[in-house]
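Structure file final_18.cif with mmCIF, C-alpha atoms:
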data_query
loop_
_atom_site.label_atom_id
_atom_site.label_comp_id
_atom_site.auth_asym_id
_atom_site.auth_seq_id
_atom_site.Cartn_x
_atom_site.Cartn_y
_atom_site.Cartn_z
CA MET A 1 -149.50 -97.73 -35.05
CA LYS A 2 -145.90 -98.48 -35.94
CA GLN A 3 -144.77 -97.20 -32.55
CA VAL A 4 -147.27 -99.43 -30.75
CA LEU A 5 -146.07 -102.47 -32.68
CA ILE A 6 -142.47 -101.64 -31.80
CA LEU A 7 -143.41 -101.30 -28.11
CA VAL A 8 -145.24 -104.63 -28.14
CA ALA A 9 -142.25 -106.25 -29.83
CA VAL A 10 -139.88 -104.85 -27.21
CA ILE A 11 -142.10 -106.08 -24.35
CA PHE A 12 -142.41 -109.52 -25.96
CA HIS A 13 -138.66 -109.69 -26.51
CA SER A 14 -137.97 -108.72 -22.88
CA TYR A 15 -140.28 -111.47 -21.56
CA ALA A 16 -139.08 -114.06 -24.05
CA PHE A 17 -135.46 -113.54 -23.12
CA ALA A 18 -135.84 -112.51 -19.46
CA THR A 19 -133.35 -113.87 -16.98
CA ASP A 20 -135.23 -112.71 -13.86
CA PHE A 21 -138.54 -114.35 -13.01
CA ASN A 22 -140.18 -112.55 -10.10
CA VAL A 23 -142.73 -114.77 -8.40
CA LEU A 24 -145.07 -111.78 -8.11
CA ASN A 25 -145.41 -111.83 -11.88
CA TYR A 26 -146.63 -115.43 -11.72
CA GLY A 27 -149.43 -114.84 -9.26
CA ALA A 28 -147.72 -114.94 -5.85
CA LYS A 29 -149.49 -112.85 -3.20
CA ALA A 30 -146.40 -112.85 -0.96
CA ASP A 31 -148.48 -111.79 2.03
CA GLY A 32 -147.15 -114.40 4.47
CA VAL A 33 -150.54 -116.15 4.59
CA THR A 34 -151.59 -117.22 1.10
CA LYS A 35 -150.00 -120.40 -0.16
CA ASP A 36 -148.00 -119.43 -3.24
CA THR A 37 -146.66 -122.87 -4.15
CA LYS A 38 -148.16 -122.87 -7.68
CA ALA A 39 -146.90 -119.37 -8.45
CA VAL A 40 -143.34 -120.16 -7.35
CA GLN A 41 -143.35 -123.42 -9.30
CA ALA A 42 -144.67 -121.59 -12.39
CA ALA A 43 -141.77 -119.15 -12.17
CA ILE A 44 -139.32 -122.06 -11.89
CA GLU A 45 -140.83 -123.79 -14.93
CA ALA A 46 -140.69 -120.60 -16.98
CA CYS A 47 -137.10 -120.02 -15.94
CA THR A 48 -135.82 -123.48 -16.88
CA LYS A 49 -137.82 -123.44 -20.14
CA ASN A 50 -136.19 -120.12 -20.99
CA GLY A 51 -132.75 -121.66 -20.58
CA GLY A 52 -132.11 -120.47 -17.05
CA GLY A 53 -132.03 -117.41 -14.86
CA ASN A 54 -133.12 -116.14 -11.47
CA VAL A 55 -136.42 -116.93 -9.77
CA ILE A 56 -136.80 -113.93 -7.50
CA ILE A 57 -138.25 -113.98 -4.00
CA PRO A 58 -138.60 -110.20 -3.59
CA ALA A 59 -137.20 -108.14 -0.74
CA GLY A 60 -139.50 -107.52 2.19
CA LYS A 61 -141.94 -110.24 1.17
CA THR A 62 -142.87 -113.52 2.84
CA VAL A 63 -143.83 -116.23 0.36
CA VAL A 64 -145.56 -119.31 1.80
CA ILE A 65 -145.09 -122.61 -0.03
CA GLY A 66 -145.47 -126.35 0.17
CA THR A 67 -143.15 -128.61 -1.82
CA ILE A 68 -141.45 -127.01 -4.85
CA TYR A 69 -139.16 -128.62 -7.43
CA LEU A 70 -135.93 -126.98 -8.61
CA LYS A 71 -134.91 -127.54 -12.23
CA ASP A 72 -131.93 -127.18 -14.58
CA PHE A 73 -130.20 -123.78 -14.76
CA VAL A 74 -132.49 -122.17 -12.18
CA THR A 75 -131.15 -119.93 -9.44
CA LEU A 76 -133.62 -119.47 -6.62
CA TYR A 77 -132.64 -115.97 -5.54
CA LEU A 78 -133.82 -114.60 -2.19
CA GLU A 79 -133.41 -110.85 -2.02
CA ASN A 80 -132.33 -109.26 1.24
CA GLY A 81 -135.24 -109.26 3.68
CA SER A 82 -137.21 -111.91 1.85
CA VAL A 83 -138.55 -115.09 3.46
CA LEU A 84 -139.55 -118.32 1.75
CA LEU A 85 -141.75 -119.85 4.44
CA GLY A 86 -142.80 -123.48 4.68
CA SER A 87 -146.48 -124.25 5.08
CA PRO A 88 -147.48 -125.38 8.58
CA GLU A 89 -149.63 -128.20 7.12
CA ILE A 90 -148.11 -131.60 6.30
CA ALA A 91 -150.63 -132.09 3.45
CA ASP A 92 -148.83 -129.37 1.47
CA TYR A 93 -145.69 -131.51 1.28
CA THR A 94 -145.80 -134.03 -1.55
CA THR A 95 -144.87 -137.71 -1.28
CA ASP A 96 -142.81 -138.00 -4.50
CA THR A 97 -139.59 -136.55 -3.08
CA HIS A 98 -137.68 -139.82 -2.53
CA LYS A 99 -137.16 -140.70 1.14
CA ASN A 100 -135.00 -140.50 4.22
CA MET A 101 -132.27 -143.14 3.94
CA TYR A 102 -131.99 -144.06 7.64
CA LYS A 103 -133.85 -147.01 9.10
CA ASN A 104 -136.89 -146.43 11.30
CA GLU A 105 -137.31 -142.79 10.20
CA PRO A 106 -139.92 -142.65 7.37
CA HIS A 107 -141.59 -139.72 9.15
CA MET A 108 -138.88 -137.56 7.54
CA ASP A 109 -139.51 -138.65 3.93
CA ARG A 110 -141.18 -135.43 2.75
CA CYS A 111 -139.40 -132.14 2.09
CA LEU A 112 -139.97 -128.49 1.16
CA ILE A 113 -137.49 -128.05 -1.73
CA PHE A 114 -136.66 -131.00 -3.98
CA ALA A 115 -134.58 -131.61 -7.09
CA LYS A 116 -134.03 -134.87 -8.97
CA ASP A 117 -131.53 -135.48 -11.77
CA ALA A 118 -131.12 -131.71 -12.17
CA LYS A 119 -127.98 -129.86 -13.20
CA SER A 120 -126.43 -126.45 -12.73
CA PHE A 121 -128.85 -124.87 -10.29
CA ALA A 122 -128.42 -122.69 -7.23
CA ILE A 123 -129.96 -121.15 -4.13
CA LYS A 124 -128.49 -117.72 -3.48
CA GLY A 125 -129.09 -114.38 -1.86
CA GLU A 126 -129.31 -112.65 1.49
CA GLY A 127 -132.82 -113.84 2.36
CA THR A 128 -134.11 -116.70 4.50
CA ILE A 129 -135.69 -120.07 3.88
CA ASP A 130 -137.74 -120.79 7.00
CA GLY A 131 -139.04 -124.35 7.33
CA ASN A 132 -141.61 -123.26 9.92
CA GLY A 133 -140.97 -126.65 11.48
CA HIS A 134 -142.18 -125.93 14.99
CA GLN A 135 -143.35 -128.88 17.05
CA LYS A 136 -146.87 -127.48 17.26
CA PHE A 137 -147.13 -128.01 13.48
CA PHE A 138 -144.99 -131.11 12.92
CA ASN A 139 -144.98 -133.98 15.39
CA LYS A 140 -145.96 -137.64 15.60
CA LYS A 141 -149.66 -136.84 15.47
CA SER A 142 -149.32 -134.51 12.47
CA GLY A 143 -148.17 -137.32 10.20
CA GLY A 144 -144.54 -136.43 9.65
CA ARG A 145 -141.71 -133.91 9.86
CA PRO A 146 -140.54 -132.72 6.43
CA MET A 147 -136.92 -131.92 5.71
CA LEU A 148 -136.14 -128.48 4.32
CA ILE A 149 -134.13 -129.57 1.25
CA ARG A 150 -133.46 -132.83 -0.59
CA PHE A 151 -131.42 -133.20 -3.80
CA LEU A 152 -131.20 -136.57 -5.58
CA ARG A 153 -128.58 -137.40 -8.24
CA CYS A 154 -127.91 -133.76 -9.10
CA ASN A 155 -124.79 -132.10 -10.50
CA ASP A 156 -123.24 -128.65 -10.20
CA ILE A 157 -125.08 -127.16 -7.23
CA TYR A 158 -124.27 -123.82 -5.66
CA VAL A 159 -125.73 -122.54 -2.37
CA GLU A 160 -124.52 -119.14 -1.20
CA GLY A 161 -125.38 -116.50 1.35
CA VAL A 162 -128.82 -117.62 2.44
CA SER A 163 -130.04 -118.44 5.94
CA LEU A 164 -131.70 -121.84 6.37
CA ILE A 165 -133.71 -121.95 9.56
CA ASN A 166 -136.34 -123.88 11.50
CA PRO A 167 -136.61 -127.18 9.61
CA ALA A 168 -139.00 -129.74 11.06
CA ALA A 169 -136.29 -132.39 10.57
CA TRP A 170 -132.95 -132.24 8.71
CA THR A 171 -132.05 -128.99 7.01
CA SER A 172 -130.76 -130.79 3.92
CA ALA A 173 -130.08 -134.20 2.38
CA TRP A 174 -127.84 -134.40 -0.68
CA LEU A 175 -128.03 -137.91 -2.19
CA TYR A 176 -125.53 -139.12 -4.79
CA CYS A 177 -124.71 -135.60 -6.01
CA ASN A 178 -121.52 -134.28 -7.59
CA GLU A 179 -119.83 -130.86 -7.72
CA ILE A 180 -121.27 -128.99 -4.76
CA VAL A 181 -120.30 -125.58 -3.39
CA VAL A 182 -121.82 -124.25 -0.17
CA GLU A 183 -120.47 -120.86 0.88
CA GLY A 184 -121.32 -118.20 3.42
CA ILE A 185 -124.60 -119.66 4.64
CA LYS A 186 -126.14 -119.79 8.11
CA ILE A 187 -128.09 -122.76 9.44
CA VAL A 188 -130.18 -122.58 12.63
CA SER A 189 -132.14 -125.77 13.24
CA ARG A 190 -133.30 -125.92 16.85
CA VAL A 191 -137.13 -125.83 16.79
CA ASN A 192 -137.62 -129.59 16.36
CA GLY A 193 -135.65 -132.84 16.65
CA ASN A 194 -133.12 -134.35 14.22
CA GLY A 195 -132.12 -130.90 13.02
CA ASP A 196 -129.06 -131.91 10.97
CA GLY A 197 -127.42 -129.20 8.90
CA LEU A 198 -125.80 -130.47 5.68
CA ASP A 199 -126.00 -134.24 5.05
CA PHE A 200 -123.93 -135.37 2.06
CA ASP A 201 -124.79 -138.98 1.18
CA GLY A 202 -122.64 -140.59 -1.50
CA CYS A 203 -121.51 -137.18 -2.76
CA THR A 204 -118.26 -136.19 -4.49
CA ASN A 205 -116.36 -132.96 -5.03
CA VAL A 206 -117.93 -131.03 -2.15
CA ARG A 207 -116.67 -127.69 -0.82
CA VAL A 208 -118.21 -126.08 2.28
CA SER A 209 -116.74 -122.82 3.59
CA ASN A 210 -117.31 -119.66 5.60
CA SER A 211 -120.56 -120.90 7.12
CA SER A 212 -122.09 -121.16 10.59
CA PHE A 213 -124.17 -123.95 12.13
CA ASP A 214 -126.39 -124.04 15.19
CA THR A 215 -128.13 -127.40 15.06
CA SER A 216 -130.17 -129.79 17.21
CA ASP A 217 -128.36 -132.73 15.61
CA ASP A 218 -125.15 -133.23 13.59
CA SER A 219 -124.12 -130.02 11.83
CA ILE A 220 -122.47 -131.72 8.83
CA CYS A 221 -122.77 -135.42 7.97
CA LEU A 222 -120.90 -137.47 5.39
CA GLN A 223 -122.72 -140.72 4.63
CA THR A 224 -122.94 -143.56 2.10
CA SER A 225 -126.34 -145.24 2.04
CA HIS A 226 -125.81 -146.97 -1.34
CA PRO A 227 -122.84 -149.24 -2.12
CA ASP A 228 -122.39 -147.72 -5.59
CA TYR A 229 -121.97 -144.12 -4.38
CA PRO A 230 -118.81 -143.31 -2.37
CA CYS A 231 -118.26 -140.12 -0.45
CA LYS A 232 -114.97 -138.53 -1.47
CA ASP A 233 -113.09 -135.33 -2.21
CA ILE A 234 -114.70 -133.25 0.54
CA VAL A 235 -113.24 -129.94 1.76
CA ILE A 236 -114.67 -128.12 4.79
CA SER A 237 -113.03 -124.88 5.95
CA ASN A 238 -113.55 -121.67 7.88
CA CYS A 239 -116.78 -122.72 9.59
CA VAL A 240 -118.28 -122.34 13.08
CA PHE A 241 -120.16 -125.21 14.69
CA THR A 242 -122.42 -125.50 17.71
CA SER A 243 -124.70 -128.49 18.07
CA LYS A 244 -126.83 -130.52 20.40
CA TRP A 245 -125.06 -133.59 19.04
CA ALA A 246 -121.97 -133.66 16.76
CA GLY A 247 -120.20 -130.93 14.86
CA LEU A 248 -119.08 -133.20 12.02
CA ARG A 249 -120.15 -136.82 11.65
CA ILE A 250 -118.52 -139.11 9.10
CA GLY A 251 -120.07 -142.52 8.60
CA LEU A 252 -122.72 -144.44 10.50
CA SER A 253 -124.58 -144.89 7.22
CA SER A 254 -121.52 -146.40 5.57
CA ARG A 255 -122.22 -148.98 2.83
CA ALA A 256 -119.77 -147.42 0.34
CA ASP A 257 -116.27 -145.99 0.75
CA PHE A 258 -115.16 -142.67 2.23
CA GLU A 259 -111.90 -141.05 1.22
CA SER A 260 -110.05 -137.78 0.75
CA VAL A 261 -111.66 -135.52 3.35
CA THR A 262 -110.07 -132.38 4.80
CA VAL A 263 -111.40 -130.16 7.58
CA SER A 264 -109.46 -127.03 8.53
CA ASN A 265 -109.63 -123.64 10.23
CA CYS A 266 -112.90 -124.24 12.08
CA THR A 267 -114.19 -123.56 15.57
CA PHE A 268 -116.51 -125.80 17.59
CA HIS A 269 -118.25 -124.73 20.77
CA ASP A 270 -120.93 -126.04 23.11
CA ILE A 271 -121.26 -129.40 21.41
CA GLN A 272 -123.23 -131.92 23.45
CA ASP A 273 -121.70 -135.09 22.02
CA SER A 274 -118.59 -134.91 19.79
CA GLY A 275 -116.63 -132.51 17.65
CA LEU A 276 -115.49 -135.06 15.07
CA LYS A 277 -117.57 -138.24 15.13
CA ILE A 278 -116.13 -140.80 12.72
CA GLN A 279 -117.91 -144.15 12.55
CA MET A 280 -117.59 -147.05 10.12
CA ASN A 281 -120.01 -149.95 10.50
CA GLU A 282 -121.70 -151.00 7.24
CA GLY A 283 -118.99 -152.59 5.14
CA GLY A 284 -117.23 -149.74 3.36
CA GLU A 285 -113.63 -148.57 3.60
CA MET A 286 -112.72 -145.24 5.19
CA LYS A 287 -109.34 -143.65 4.57
CA ASN A 288 -107.17 -140.59 3.93
CA MET A 289 -108.58 -137.81 6.06
CA ALA A 290 -106.89 -134.75 7.57
CA PHE A 291 -108.21 -132.46 10.31
CA SER A 292 -106.16 -129.38 11.19
CA ASN A 293 -106.24 -125.98 12.88
CA LEU A 294 -109.36 -126.61 14.93
CA VAL A 295 -110.39 -124.84 18.14
CA MET A 296 -112.92 -126.57 20.40
CA LYS A 297 -114.54 -125.27 23.58
CA ASN A 298 -116.99 -127.34 25.63
CA VAL A 299 -116.75 -130.31 23.27
CA PRO A 300 -116.66 -133.46 25.44
CA ARG A 301 -115.19 -135.73 22.76
CA PRO A 302 -113.05 -133.71 20.37
CA VAL A 303 -112.51 -136.93 18.38
CA PHE A 304 -114.77 -139.99 18.70
CA MET A 305 -113.91 -142.85 16.32
CA THR A 306 -115.57 -146.27 16.22
CA PHE A 307 -115.14 -149.29 13.93
CA CYS A 308 -117.78 -151.95 14.48
CA GLN A 309 -120.91 -153.46 12.93
CA GLN A 310 -124.45 -152.09 12.87
CA ARG A 311 -127.18 -151.69 10.27
CA ALA A 312 -128.01 -148.01 9.72
CA GLY A 313 -129.58 -147.61 6.29
CA ALA A 314 -133.22 -148.10 5.33
CA ASP A 315 -132.13 -150.17 2.29
CA ALA A 316 -129.23 -151.99 3.95
CA PRO A 317 -129.41 -155.80 4.10
CA LEU A 318 -130.67 -157.22 7.38
CA GLU A 319 -127.49 -159.23 7.92
CA MET A 320 -124.47 -157.39 9.23
CA LEU A 321 -121.94 -156.41 6.58
CA PRO A 322 -118.29 -157.42 7.02
CA MET A 323 -115.82 -155.00 8.55
CA LYS A 324 -113.55 -153.83 5.74
CA ALA A 325 -111.00 -151.15 6.69
CA MET A 326 -110.56 -147.83 8.45
CA HIS A 327 -107.14 -146.18 8.12
CA SER A 328 -104.95 -143.13 7.50
CA PHE A 329 -106.16 -140.25 9.65
CA LEU A 330 -104.26 -137.11 10.62
CA PHE A 331 -105.33 -134.85 13.52
CA SER A 332 -103.09 -131.84 14.02
CA ASP A 333 -103.01 -128.43 15.67
CA PHE A 334 -106.01 -128.58 17.99
CA ILE A 335 -106.80 -126.33 20.93
CA VAL A 336 -109.38 -127.97 23.20
CA ASP A 337 -110.79 -126.12 26.23
CA ASN A 338 -113.08 -128.39 28.24
CA ARG A 339 -112.40 -127.02 31.71
CA GLU A 340 -116.13 -126.26 32.17
CA LEU A 341 -117.21 -129.85 31.47
CA ASP A 342 -117.20 -132.98 33.65
CA LYS A 343 -114.63 -135.78 33.70
CA ASN A 344 -116.04 -137.42 30.54
CA SER A 345 -113.93 -135.35 28.19
CA ALA A 346 -111.35 -137.12 26.04
CA PHE A 347 -110.33 -138.33 22.61
CA PHE A 348 -111.93 -141.79 22.22
CA ILE A 349 -110.72 -144.08 19.43
CA THR A 350 -111.76 -147.73 19.29
CA GLY A 351 -111.81 -150.56 16.81
CA MET A 352 -112.78 -154.12 17.65
CA PRO A 353 -110.67 -157.17 18.54
CA ASN A 354 -108.90 -158.29 15.33
CA HIS A 355 -110.50 -155.38 13.45
CA TYR A 356 -108.16 -152.46 13.96
CA ILE A 357 -108.26 -148.83 12.98
CA SER A 358 -104.81 -148.24 11.53
CA ASP A 359 -102.35 -145.44 10.89
CA ILE A 360 -103.49 -142.50 13.00
CA HIS A 361 -101.31 -139.47 13.72
CA ILE A 362 -102.21 -137.02 16.50
CA ASN A 363 -99.91 -133.99 16.58
CA ASN A 364 -99.72 -130.63 18.34
CA ILE A 365 -102.65 -130.80 20.75
CA LEU A 366 -103.18 -128.31 23.60
CA MET A 367 -105.99 -129.61 25.80
CA THR A 368 -107.49 -128.49 29.11
CA VAL A 369 -109.93 -130.70 31.01
CA SER A 370 -111.65 -130.42 34.37
CA GLY A 371 -110.18 -133.56 35.92
CA GLY A 372 -111.91 -135.42 38.72
CA GLY A 373 -111.36 -139.00 37.57
CA THR A 374 -110.93 -141.60 40.31
CA LYS A 375 -108.73 -144.66 40.75
CA GLU A 376 -111.84 -146.75 40.15
CA ASP A 377 -112.30 -144.96 36.81
CA ALA A 378 -108.68 -145.67 35.93
CA ASN A 379 -109.20 -149.42 36.40
CA LYS A 380 -112.57 -149.59 34.69
CA THR A 381 -113.21 -152.18 31.94
CA ILE A 382 -114.73 -150.56 28.87
CA LYS A 383 -117.41 -152.43 26.93
CA GLU A 384 -116.78 -153.40 23.34
CA TYR A 385 -119.20 -152.12 20.72
CA THR A 386 -120.60 -155.57 20.04
CA LEU A 387 -124.13 -156.12 18.79
CA GLU A 388 -125.01 -157.19 22.30
CA THR A 389 -123.90 -153.79 23.57
CA LEU A 390 -125.47 -151.85 20.70
CA GLY A 391 -128.83 -153.55 20.48
CA ASP A 392 -130.57 -151.95 17.48
CA TRP A 393 -128.97 -148.54 17.77
CA TRP A 394 -125.74 -146.66 17.13
CA PRO A 395 -122.30 -146.89 18.78
CA GLU A 396 -122.73 -143.99 21.20
CA PHE A 397 -120.50 -142.93 24.07
CA TYR A 398 -123.14 -143.43 26.78
CA LEU A 399 -123.03 -147.20 26.14
CA VAL A 400 -119.53 -147.36 27.65
CA GLY A 401 -119.40 -144.33 29.94
CA THR A 402 -116.39 -142.89 31.76
CA LEU A 403 -113.04 -143.75 30.16
CA PRO A 404 -109.86 -144.82 32.01
CA ALA A 405 -107.92 -141.84 30.58
CA HIS A 406 -108.49 -138.11 30.98
CA GLY A 407 -106.92 -137.12 27.65
CA ILE A 408 -106.74 -139.83 24.99
CA TYR A 409 -108.04 -143.40 25.13
CA ALA A 410 -107.16 -145.63 22.15
CA ARG A 411 -108.15 -149.29 21.77
CA HIS A 412 -107.66 -151.83 18.96
CA VAL A 413 -105.43 -149.57 16.87
CA LYS A 414 -102.40 -150.35 14.69
CA GLY A 415 -99.88 -147.64 13.98
CA LEU A 416 -100.78 -144.80 16.38
CA LEU A 417 -98.34 -141.90 16.61
CA ILE A 418 -98.98 -139.20 19.23
CA ASN A 419 -96.59 -136.26 19.32
CA ASN A 420 -96.37 -132.92 21.08
CA VAL A 421 -99.46 -133.13 23.27
CA ASN A 422 -100.01 -131.06 26.42
CA ILE A 423 -102.99 -132.01 28.62
CA ASN A 424 -103.79 -129.80 31.61
CA THR A 425 -106.26 -130.69 34.36
CA VAL A 426 -108.03 -128.09 36.49
CA THR A 427 -108.39 -130.50 39.41
CA LYS A 428 -106.57 -133.71 40.24
CA ASP A 429 -107.34 -136.72 38.06
CA GLU A 430 -106.30 -140.23 39.11
CA ARG A 431 -106.46 -141.52 35.55
CA PRO A 432 -103.43 -141.36 33.25
CA ALA A 433 -103.46 -138.74 30.52
CA ILE A 434 -103.18 -141.31 27.70
CA VAL A 435 -104.08 -144.99 27.67
CA PHE A 436 -103.26 -147.52 24.94
CA ASP A 437 -105.39 -150.69 25.05
CA ASP A 438 -104.47 -153.30 22.43
CA VAL A 439 -102.48 -150.77 20.42
CA THR A 440 -99.68 -152.16 18.25
CA ASP A 441 -96.91 -150.04 16.77
CA GLY A 442 -97.94 -147.15 19.01
CA THR A 443 -95.55 -144.30 19.76
CA MET A 444 -95.79 -141.32 22.14
CA THR A 445 -93.27 -138.48 22.12
CA ASN A 446 -93.23 -135.06 23.76
CA ILE A 447 -96.24 -135.73 25.98
CA TYR A 448 -96.89 -133.24 28.77
CA SER A 449 -99.29 -133.36 31.71
CA ASN A 450 -99.85 -130.02 33.45
CA ARG A 451 -96.81 -128.70 31.58
CA LYS A 452 -94.50 -131.44 32.86
CA LYS A 453 -93.06 -133.87 30.39
CA ILE A 454 -94.16 -137.46 31.02
CA ASN A 455 -92.87 -139.10 27.83
#
Would you write out, as structure tokens, the structure that this file holds?
Amino acid sequence: MKQVLILVAVIFHSYAFATDFNVLNYGAKADGVTKDTKAVQAAIEACTKNGGGNVIIPAGKTVVIGTIYLKDFVTLYLENGSVLLGSPEIADYTTDTHKNMYKNEPHMDRCLIFAKDAKSFAIKGEGTIDGNGHQKFFNKKSGGRPMLIRFLRCNDIYVEGVSLINPAAWTSAWLYCNEIVVEGIKIVSRVNGNGDGLDFDGCTNVRVSNSSFDTSDDSICLQTSHPDYPCKDIVISNCVFTSKWAGLRIGLSSRADFESVTVSNCTFHDIQDSGLKIQMNEGGEMKNMAFSNLVMKNVPRPVFMTFCQQRAGADAPLEMLPMKAMHSFLFSDFIVDNRELDKNSAFFITGMPNHYISDIHINNILMTVSGGGTKEDANKTIKEYTLETLGDWWPEFYLVGTLPAHGIYARHVKGLLINNVNINTVTKDERPAIVFDDVTDGTMTNIYSNRKKIN
């Protein structure tokens, strides 16, 4: 009898102080068909109540869920070969997971994994979170397209190792969070539209490294949808980007400030729109950013910068916000190989009349383009990004079209220094390599066209 009591006590002690909470022990069938949402949530609740630990998605199992809620001190751990699979039915995604912060996009309000005001939690492992977001399940008729992940006002978040695939909309939205580490993950988001990768909105102290992105929309976004939450102290390094739209977008949703951003040692390839897309238009200030040691292949606009006015956020006032400031950017040590693209392949930097982007340095650029620009292209007048030009949408390249330069076109800029740039064309191009349009205090030194010095 004594031995039995001791055994019961040991078992009770092991459960009471367990740090691993396998979802199978909380009723999950893990057969790839049964919806195990309640079982996974029960494991999360037990874990956080216990003071923290690992909620285990076991190896070789597929666990189907609707919306789950991460909590304090919980690590959602996906063992190698495991899959956490989103339900194909929109009704399994709850409506209390905040909302998408962009205007005209409430169809993306729901999400699969949500956390609010949580601290010190993680998603780790070698397994996969599959949003199952195929268009046959999630479309206009289905009632919405849930995001994979949304975190609201959370602190100390760590995401490592996992693969995040097949979201019906964005892969992730991080709103007003602090202290974030994302390391060694893979994102593939091509099965539906708006497949952003990591969207950091009003976040601080963010480090993203050693990760790969294959996305149907911007791979990483930095945004500020609320005027009280700036986006600052962001480090992105050692990543690989391919995207149907931009590799890295900064701004657009831009009601608060952006500052102190570094991007280094990354490769970009087969980007449809831009490598670095930097856009300020909702009243904040953007400053102090450095981009270095980047290799881009088939990226039509290695750098695309705009400073104008447009309403982007769902909660932004209807009237246009004043243009504040956009300054202090360093672009250095780029290799750009766009020989396989058409003539619309150049750095494009533009402010507005009397609203200048200021203090930009472009150094050590080796760039190859296809050429093919005509004399007519060289004399073309480029539209300003006025509200008349924009209508109700974003400042995109297609609104202005072919540029009058085949390498760098800069307009409405103060303090532009370009040094040690070599631009090669595969075929003849009648446009100059670099064009300054309303640029004050601009300097060009050591500029080469097809290996011949022109300045």
Legend entry - Of the listed residues A:Phe397, A:Tyr77, A:Tyr176, A:Trp170, that which approaches A:Ile220 most closely, counting only C-alpha atoms: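 Of A:Phe397, A:Tyr77, A:Tyr176, A:Trp170, the one nearest A:Ile220 is A:Trp170, counting only C-alpha atoms.
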Residues picked by the PyMOL selection byres ((chain A and resi 453) around 12) here, as a PDB file with C-alpha atoms, in the coordinates of the input?
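Contents of part26.pdb, as written:
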ATOM      1  CA  ASN A 419     -96.590-136.260  19.320  1.00  0.00           C
ATOM      2  CA  ASN A 420     -96.370-132.920  21.080  1.00  0.00           C
ATOM      3  CA  VAL A 421     -99.460-133.130  23.270  1.00  0.00           C
ATOM      4  CA  ASN A 422    -100.010-131.060  26.420  1.00  0.00           C
ATOM      5  CA  ILE A 423    -102.990-132.010  28.620  1.00  0.00           C
ATOM      6  CA  ASN A 424    -103.790-129.800  31.610  1.00  0.00           C
ATOM      7  CA  ALA A 433    -103.460-138.740  30.520  1.00  0.00           C
ATOM      8  CA  MET A 444     -95.790-141.320  22.140  1.00  0.00           C
ATOM      9  CA  THR A 445     -93.270-138.480  22.120  1.00  0.00           C
ATOM     10  CA  ASN A 446     -93.230-135.060  23.760  1.00  0.00           C
ATOM     11  CA  ILE A 447     -96.240-135.730  25.980  1.00  0.00           C
ATOM     12  CA  TYR A 448     -96.890-133.240  28.770  1.00  0.00           C
ATOM     13  CA  SER A 449     -99.290-133.360  31.710  1.00  0.00           C
ATOM     14  CA  ASN A 450     -99.850-130.020  33.450  1.00  0.00           C
ATOM     15  CA  ARG A 451     -96.810-128.700  31.580  1.00  0.00           C
ATOM     16  CA  LYS A 452     -94.500-131.440  32.860  1.00  0.00           C
ATOM     17  CA  ILE A 454     -94.160-137.460  31.020  1.00  0.00           C
ATOM     18  CA  ASN A 455     -92.870-139.100  27.830  1.00  0.00           C
TER      19      ASN A 455
END
Residues near stretch 68-76 of chain A, cut-off 6 Å, only C-alpha atoms, skip fewer than 5 positions along chain, as a PDB file with C-alpha atoms, in the coordinates of the input:
ATOM      1  CA  THR A  48    -135.820-123.480 -16.880  1.00  0.00           C
ATOM      2  CA  GLY A  52    -132.110-120.470 -17.050  1.00  0.00           C
ATOM      3  CA  GLY A  53    -132.030-117.410 -14.860  1.00  0.00           C
ATOM      4  CA  ASN A  54    -133.120-116.140 -11.470  1.00  0.00           C
ATOM      5  CA  VAL A  55    -136.420-116.930  -9.770  1.00  0.00           C
ATOM      6  CA  ILE A 113    -137.490-128.050  -1.730  1.00  0.00           C
ATOM      7  CA  PHE A 114    -136.660-131.000  -3.980  1.00  0.00           C
ATOM      8  CA  ALA A 115    -134.580-131.610  -7.090  1.00  0.00           C
ATOM      9  CA  ALA A 118    -131.120-131.710 -12.170  1.00  0.00           C
ATOM     10  CA  LYS A 119    -127.980-129.860 -13.200  1.00  0.00           C
ATOM     11  CA  SER A 120    -126.430-126.450 -12.730  1.00  0.00           C
ATOM     12  CA  PHE A 121    -128.850-124.870 -10.290  1.00  0.00           C
ATOM     13  CA  ALA A 122    -128.420-122.690  -7.230  1.00  0.00           C
ATOM     14  CA  ILE A 123    -129.960-121.150  -4.130  1.00  0.00           C
TER      15      ILE A 123
END
Inset, instruction - List every protein, DNA or RNA residue that has at least one atom no more than 12 Å from (-132.5, -123.6, 20.1) in the file's coordinates, counting all atoms listed in the file, and write the result as a list of chain:residue names. - result: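 In the file's frame, the residues around the point are A:His134, A:Ile165, A:Asn166, A:Pro167, A:Ile187, A:Val188, A:Ser189, A:Arg190, A:Val191, A:Asn192, A:Gly193, A:Gly195, A:Phe213, A:Asp214, A:Thr215, A:Ser216, A:Asp217, A:Thr242, A:Ser243, A:Lys244.
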Inset, instruction - I would like the residues chosen by the PyMOL selection byres ((chain A and resi 261) around 8) on the shown file; could you give them as a ChimeraX atom specification? - result: /A:232-235,259-260,262-263,288-290
Inset, instruction - Go through A:Gly66, A:Gly60, A:Pro395, A:Gly284 one by one, measure the shortest atom-to-atom distance of each to A:Thr128 using all atoms listed in the file, and give the residue with the smallest value. - result: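 Among the listed residues, A:Gly60 lies closest to A:Thr128.
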Inset, instruction - Could you state which residues are captured by the PyMOL selection byres ((chain A and resi 240) around 6) in this file, as a VMD selection string? - result: chain A and resid 212 239 241 266 to 268
